[in-house]
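Chemist: Contents of entry.pdb (PDB, C-alpha atoms) are given next:
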ATOM      1  CA  MET H1154     107.736  78.386 355.493
ATOM      2  CA  SER H1155     106.740  75.423 353.345
ATOM      3  CA  ASP H1156     103.657  75.538 351.106
ATOM      4  CA  PRO H1157     100.445  74.155 352.607
ATOM      5  CA  HIS H1158      99.328  70.675 351.564
ATOM      6  CA  ILE H1159      95.625  71.355 350.919
ATOM      7  CA  LEU H1160      93.219  68.540 351.781
ATOM      8  CA  LEU H1161      89.760  70.112 351.412
ATOM      9  CA  ASN H1162      88.675  73.431 349.886
ATOM     10  CA  GLY H1163      85.825  75.521 351.245
ATOM     11  CA  GLU H1164      84.579  78.894 350.047
ATOM     12  CA  THR H1165      87.378  81.086 351.430
ATOM     13  CA  LEU H1166      89.331  78.619 353.583
ATOM     14  CA  ALA H1167      90.847  75.174 353.203
ATOM     15  CA  LEU H1168      91.904  72.381 355.521
ATOM     16  CA  ALA H1169      95.550  71.429 355.116
ATOM     17  CA  MET H1170      98.082  69.152 356.747
ATOM     18  CA  PRO H1171      99.746  70.714 359.816
ATOM     19  CA  ARG H1172     103.367  71.652 359.167
ATOM     20  CA  GLN H1173     106.222  71.219 361.604
ATOM     21  CA  ASP H1174     107.855  74.454 360.442
ATOM     22  CA  MET H1175     104.662  76.286 361.487
ATOM     23  CA  LEU H1176     104.887  75.018 365.082
ATOM     24  CA  PRO H1177     106.291  78.325 366.431
ATOM     25  CA  MET H1178     103.289  80.154 364.932
ATOM     26  CA  TYR H1179     100.815  77.594 366.339
ATOM     27  CA  HIS H1180     102.495  77.997 369.725
ATOM     28  CA  ALA H1181     102.103  81.792 369.559
ATOM     29  CA  TRP H1182      98.384  81.470 368.707
ATOM     30  CA  GLU H1183      97.821  79.051 371.589
ATOM     31  CA  ASN H1184      99.542  81.383 374.055
ATOM     32  CA  ASP H1185      97.652  84.524 373.061
ATOM     33  CA  PRO H1186      95.801  85.820 376.160
ATOM     34  CA  ARG H1187      92.409  85.584 374.382
ATOM     35  CA  THR H1188      93.086  81.958 373.452
ATOM     36  CA  ILE H1189      94.064  81.154 377.031
ATOM     37  CA  LEU H1190      90.858  82.877 378.221
ATOM     38  CA  GLY H1191      88.692  81.025 375.690
ATOM     39  CA  TYR H1192      90.147  77.645 376.601
ATOM     40  CA  GLY H1193      89.728  78.362 380.297
ATOM     41  CA  ASN H1194      93.457  77.912 380.898
ATOM     42  CA  GLN H1195      95.406  79.992 383.369
ATOM     43  CA  TRP H1196      98.969  79.711 382.113
ATOM     44  CA  PRO H1197     100.862  79.772 378.835
ATOM     45  CA  GLN H1198     102.501  76.563 377.663
ATOM     46  CA  SER H1199     106.277  76.473 377.360
ATOM     47  CA  TRP H1200     107.899  75.909 373.984
ATOM     48  CA  GLU H1201     109.500  72.652 375.193
ATOM     49  CA  VAL H1202     106.160  71.198 376.294
ATOM     50  CA  ARG H1203     104.450  72.255 373.020
ATOM     51  CA  ALA H1204     107.236  70.864 370.825
ATOM     52  CA  ALA H1205     107.211  67.531 372.671
ATOM     53  CA  GLY H1206     103.405  67.427 372.459
ATOM     54  CA  TYR H1207     103.522  67.959 368.699
ATOM     55  CA  GLU H1208     105.765  64.935 368.277
ATOM     56  CA  ARG H1209     103.423  62.751 370.371
ATOM     57  CA  GLN H1210     100.334  64.005 368.536
ATOM     58  CA  ARG H1211     101.764  63.352 365.057
ATOM     59  CA  GLY H1212     101.871  59.637 365.719
ATOM     60  CA  ASN H1213      98.454  59.416 367.383
ATOM     61  CA  GLU H1214      95.702  58.460 364.935
ATOM     62  CA  ARG H1215      93.090  59.544 367.487
ATOM     63  CA  TYR H1216      94.363  63.135 367.415
ATOM     64  CA  GLN H1217      93.689  64.532 363.951
ATOM     65  CA  GLN H1218      94.857  68.094 363.282
ATOM     66  CA  PHE H1219      94.139  70.363 360.338
ATOM     67  CA  GLU H1220      95.821  73.625 359.512
ATOM     68  CA  VAL H1221      93.265  76.179 358.319
ATOM     69  CA  VAL H1222      94.538  78.338 355.451
ATOM     70  CA  ARG H1223      93.082  81.150 353.364
ATOM     71  CA  LEU H1224      92.488  80.016 349.796
ATOM     72  CA  ASP H1225      93.405  83.319 348.190
ATOM     73  CA  ASP H1226      96.983  83.451 349.502
ATOM     74  CA  GLY H1227      97.674  80.182 351.379
ATOM     75  CA  VAL H1228      98.298  82.004 354.668
ATOM     76  CA  PRO H1229      97.545  79.872 357.755
ATOM     77  CA  VAL H1230      94.851  81.352 360.001
ATOM     78  CA  GLY H1231      94.256  78.580 362.528
ATOM     79  CA  LEU H1232      94.092  74.941 363.507
ATOM     80  CA  THR H1233      91.214  72.560 364.063
ATOM     81  CA  ILE H1234      91.532  69.294 365.935
ATOM     82  CA  LEU H1235      89.400  66.182 366.214
ATOM     83  CA  GLU H1236      90.168  64.069 369.284
ATOM     84  CA  VAL H1237      88.631  60.834 368.037
ATOM     85  CA  ASN H1238      87.073  58.068 370.106
ATOM     86  CA  THR H1239      87.389  55.162 367.665
ATOM     87  CA  TYR H1240      85.130  52.899 369.720
ATOM     88  CA  SER H1241      82.074  55.166 369.673
ATOM     89  CA  ARG H1242      82.905  56.881 366.324
ATOM     90  CA  THR H1243      82.724  60.327 367.958
ATOM     91  CA  ALA H1244      85.227  63.150 368.425
ATOM     92  CA  GLU H1245      85.800  66.278 370.454
ATOM     93  CA  PHE H1246      86.324  69.388 368.310
ATOM     94  CA  VAL H1247      88.891  72.051 369.215
ATOM     95  CA  ILE H1248      89.809  75.197 367.283
ATOM     96  CA  VAL H1249      92.394  77.942 367.628
ATOM     97  CA  LEU H1250      92.554  80.965 365.354
ATOM     98  CA  ALA H1251      95.369  83.432 364.831
ATOM     99  CA  PRO H1252      94.529  86.510 366.948
ATOM    100  CA  GLU H1253      94.542  88.828 363.921
ATOM    101  CA  GLU H1254      92.114  86.530 362.043
ATOM    102  CA  ARG H1255      89.341  86.454 364.640
ATOM    103  CA  GLY H1256      86.025  88.138 363.921
ATOM    104  CA  LYS H1257      86.170  87.394 360.172
ATOM    105  CA  GLY H1258      83.865  84.358 360.060
ATOM    106  CA  HIS H1259      86.759  81.909 359.901
ATOM    107  CA  ALA H1260      85.608  79.899 362.944
ATOM    108  CA  THR H1261      82.308  79.012 361.284
ATOM    109  CA  GLU H1262      83.832  77.964 357.965
ATOM    110  CA  ALA H1263      86.719  76.079 359.608
ATOM    111  CA  ALA H1264      84.284  74.225 361.895
ATOM    112  CA  ARG H1265      81.989  73.357 358.949
ATOM    113  CA  LEU H1266      84.908  72.030 356.895
ATOM    114  CA  THR H1267      86.115  69.954 359.839
ATOM    115  CA  LEU H1268      82.603  68.575 360.438
ATOM    116  CA  ASP H1269      82.323  67.798 356.720
ATOM    117  CA  TRP H1270      85.571  65.814 356.903
ATOM    118  CA  ALA H1271      84.498  64.119 360.143
ATOM    119  CA  PHE H1272      81.146  62.955 358.786
ATOM    120  CA  HIS H1273      81.902  62.266 355.121
ATOM    121  CA  LEU H1274      85.478  60.937 355.219
ATOM    122  CA  ALA H1275      86.180  59.815 358.798
ATOM    123  CA  HIS H1276      82.672  58.335 359.155
ATOM    124  CA  LEU H1277      82.110  59.765 362.628
ATOM    125  CA  ARG H1278      78.576  59.748 364.038
ATOM    126  CA  MET H1279      78.856  62.771 366.301
ATOM    127  CA  VAL H1280      81.283  65.592 367.037
ATOM    128  CA  TRP H1281      81.082  67.601 370.250
ATOM    129  CA  LEU H1282      82.767  70.558 371.874
ATOM    130  CA  LYS H1283      82.912  72.538 375.097
ATOM    131  CA  VAL H1284      82.740  76.337 375.089
ATOM    132  CA  LEU H1285      82.686  78.744 378.014
ATOM    133  CA  GLU H1286      79.238  80.332 378.259
ATOM    134  CA  PRO H1287      80.461  83.976 378.112
ATOM    135  CA  ASN H1288      82.152  83.270 374.753
ATOM    136  CA  ALA H1289      79.142  84.479 372.751
ATOM    137  CA  ALA H1290      81.121  84.817 369.510
ATOM    138  CA  GLY H1291      82.277  81.199 369.773
ATOM    139  CA  VAL H1292      78.782  79.901 370.554
ATOM    140  CA  SER H1293      77.357  81.792 367.570
ATOM    141  CA  ALA H1294      80.070  80.549 365.195
ATOM    142  CA  TYR H1295      79.561  76.948 366.299
ATOM    143  CA  GLU H1296      75.780  77.185 365.879
ATOM    144  CA  LYS H1297      76.230  78.553 362.336
ATOM    145  CA  ALA H1298      78.549  75.615 361.591
ATOM    146  CA  GLY H1299      75.921  73.068 362.665
ATOM    147  CA  PHE H1300      76.562  72.457 366.365
ATOM    148  CA  ARG H1301      73.567  72.446 368.724
ATOM    149  CA  PRO H1302      73.409  72.941 372.509
ATOM    150  CA  SER H1303      73.319  69.592 374.298
ATOM    151  CA  GLY H1304      74.190  70.302 377.938
ATOM    152  CA  ARG H1305      76.203  72.281 380.425
ATOM    153  CA  LEU H1306      78.824  71.717 383.073
ATOM    154  CA  ARG H1307      77.979  74.106 385.864
ATOM    155  CA  GLN H1308      80.784  76.379 387.068
ATOM    156  CA  SER H1309      83.404  74.132 385.491
ATOM    157  CA  GLY H1310      85.370  76.943 383.852
ATOM    158  CA  PHE H1311      86.692  80.427 384.512
ATOM    159  CA  TRP H1312      86.180  83.639 382.560
ATOM    160  CA  LEU H1313      88.112  86.707 383.669
ATOM    161  CA  GLY H1314      88.624  85.208 387.119
ATOM    162  CA  LYS H1315      84.994  84.218 387.746
ATOM    163  CA  PRO H1316      83.535  80.688 387.685
ATOM    164  CA  VAL H1317      81.298  80.110 384.648
ATOM    165  CA  ASP H1318      79.434  77.249 383.029
ATOM    166  CA  GLU H1319      80.839  75.326 380.101
ATOM    167  CA  LEU H1320      78.309  74.639 377.382
ATOM    168  CA  ILE H1321      78.423  71.322 375.583
ATOM    169  CA  MET H1322      77.436  71.417 371.937
ATOM    170  CA  ASP H1323      77.245  68.578 369.450
ATOM    171  CA  ALA H1324      76.674  67.930 365.774
ATOM    172  CA  LEU H1325      75.258  64.757 364.258
ATOM    173  CA  ALA H1326      76.136  63.416 360.831
ATOM    174  CA  GLU H1327      72.486  63.263 359.724
ATOM    175  CA  GLU H1328      71.996  66.925 360.667
ATOM    176  CA  PHE H1329      75.034  68.248 358.765
ATOM    177  CA  PRO H1330      73.943  71.474 357.063
ATOM    178  CA  GLY H1331      75.009  71.083 353.426
ATOM    179  CA  PRO H1332      76.421  71.615 350.973
ATOM    180  CA  SER H1333      79.308  69.245 351.487
ATOM    181  CA  ALA H1334      82.762  70.291 350.260
ATOM    182  CA  VAL H1335      83.752  66.621 350.409
ATOM    183  CA  SER H1336      80.884  65.604 348.080
ATOM    184  CA  ALA H1337      81.712  68.472 345.718
ATOM    185  CA  ALA H1338      85.374  67.412 345.577
ATOM    186  CA  VAL H1339      84.469  63.763 344.897
ATOM    187  CA  GLU H1340      81.988  64.693 342.142
ATOM    188  CA  ARG H1341      84.600  66.692 340.186
TER     189      ARG H1341
END
Starting from the file, give its structure as structure tokens.
Modeler:
Amino acid sequence: MSDPHILLNGETLALAMPRQDMLPMYHAWENDPRTILGYGNQWPQSWEVRAAGYERQRGNERYQQFEVVRLDDGVPVGLTILEVNTYSRTAEFVIVLAPEERGKGHATEAARLTLDWAFHLAHLRMVWLKVLEPNAAGVSAYEKAGFRPSGRLRQSGFWLGKPVDELIMDALAEEFPGPSAVSAAVER
């Protein structure tokens, strides 16, 4: 495993460049049953499809990925993604955490760091996400990171075999809850 290329430091986590040699680990995280449940998917993704997707995504400037690593030991704990709409200066936010790293507050810090990058370096106006309503831990983490409820898609997802609503949450640049890791890094 290569060393992470750190882009932005937070308190306990950092955003880093995604690494091709980590793709098997990313694939395992994405195919964990709890990840599949949280995304509202029904099936795992094959290795061939994931590997081909990684190659397409690397060359797509509208699909910005960050590996999330622990600062104390450089171990990767997740990925965040911004699917950017360059015309409206907005992006959809997606996160996946390693199964063994869930419940440790990483989702909140990773989301805040990604929002910080989105607003202070990528100059986006708004970042939004969809989360299945029964995912209370996800909703709470996103709210702590600065996302606010902005709508719902009724019965558009599934949770444990039952139709559920998807909540839409968004964050605006002018409402970013400081302090900014980007500003701190620039002021050094």
Chemist: Using the chain letters and numbers from the file, give me the residues hit by the PyMOL selection byres ((chain H and resi 1321) around 12), as a list in words.
Modeler: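 Evaluating the PyMOL selection byres ((chain H and resi 1321) around 12) on these coordinates yields Glu1245, Phe1246, Val1280, Trp1281, Leu1282, Lys1283, Val1284, Leu1285, Glu1286, Val1292, Tyr1295, Glu1296, Phe1300, Arg1301, Pro1302, Ser1303, Gly1304, Arg1305, Leu1306, Arg1307, Ser1309, Asp1318, Glu1319, Leu1320, Met1322, Asp1323 and Ala1324 of chain H.
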Chemist: What do you get, as a list in words, if you spell out every residue that the PyMOL selection byres ((chain H and resi 1258) around 12) selects here?
Modeler: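 When the PyMOL selection byres ((chain H and resi 1258) around 12) is applied to the shown file, the picked residues are Glu1164, Thr1165, Leu1166, Arg1223, Val1230, Leu1250, Glu1254, Arg1255, Gly1256, Lys1257, His1259, Ala1260, Thr1261, Glu1262, Ala1263, Ala1264, Arg1265, Ala1290, Gly1291, Ser1293, Ala1294, Tyr1295, Lys1297 and Ala1298 of chain H.
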Chemist: Identify, on the basis of all atoms listed in the file, every residue whose closest approach to Trp1312 in chain H does not exceed 10 Å; exclude the query and any residue fewer than 4 positions from it along the same chain; express the result as a list in words.
Modeler: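 Close residues of Trp1312 in chain H: Ile1189, Leu1190, Gly1191, Tyr1192, Gly1193, Asn1194, Gln1195, Leu1285, Glu1286, Pro1287, Asn1288, Pro1316, Val1317 and Asp1318 of chain H.
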Chemist: So which one's closest to Ala1244 in chain H, H:Leu1232, H:Leu1176, H:Ala1326, H:Ala1204? Using only C-alpha atoms, please.
Modeler: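 Among H:Leu1232, H:Leu1176, H:Ala1326, H:Ala1204, it is H:Ala1326 that comes nearest to Ala1244 in chain H.
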Chemist: I'd like to see the residues matched by the PyMOL selection byres ((chain H and resi 1215) around 8) on this file, and ideally I'd get them as a ChimeraX atom specification.
Modeler: /H:1213-1214,1216-1217,1235-1239
Chemist: Using all atoms listed in the file, what residues lie at most 12 Å away from (99.7, 76.7, 365.1) (file coordinates), given as a ChimeraX atom specification?
Modeler: /H:1170-1185,1188,1203-1204,1207,1218-1222,1228-1234,1248-1252
Chemist: Which one of H:Ala1169, H:Leu1313, H:Leu1277, H:Leu1161 sits closest to Phe1329 in chain H if you count all atoms listed in the file?
Modeler: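 Ranking H:Ala1169, H:Leu1313, H:Leu1277, H:Leu1161 by distance to Phe1329 in chain H, first place goes to H:Leu1277.
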Chemist: Using Å and a single decimal, report how far CA of Gly1212 in chain H sits from CA of Ser1241 in chain H.
Modeler: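 For CA of Ser1241 in chain H relative to CA of Gly1212 in chain H, the distance reads 20.7 Å.
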Chemist: Would you compute the distance between CA of Ile1159 in chain H and CA of Gly1206 in chain H? Give it in Å to one decimal.
Modeler: 23.2 Å
Chemist: So, with all atoms listed in the file as the atoms that count, which of H:Gly1299, H:Gly1227, H:Pro1330, H:Gly1314 lies closest to His1158 in chain H?
Modeler: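 When distances to His1158 in chain H are compared using all atoms listed in the file, the smallest one comes from H:Gly1227.
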Chemist: Nearest to Ala1271 in chain H among H:Asn1162, H:Ala1289, H:Val1335, H:Gln1198, with distances taken over all atoms listed in the file: which residue is it?
Modeler: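 The closest residue to Ala1271 in chain H is H:Val1335.
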Chemist: Between CA of Arg1242 in chain H and CA of Leu1325 in chain H, what is the distance in Å, rounded to a tenth?
Modeler: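 Computing it gives 11.2 Å between the two atoms.
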Chemist: Pick from H:Thr1267, H:Ala1167, H:Arg1278, H:Ser1199: nearest to Asp1226 in chain H, with all atoms listed in the file counted?
Modeler: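 Closest to Asp1226 in chain H of all the choices is H:Ala1167.
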Chemist: I'd like the contact shell of range 1337-1340 of chain H - 12 Å cut-off, all atoms listed in the file, skipping same-chain residues fewer than 2 positions apart - returned as a PyMOL selection string.
Modeler: chain H and resi 1160-1164+1269-1270+1273-1274+1331-1335
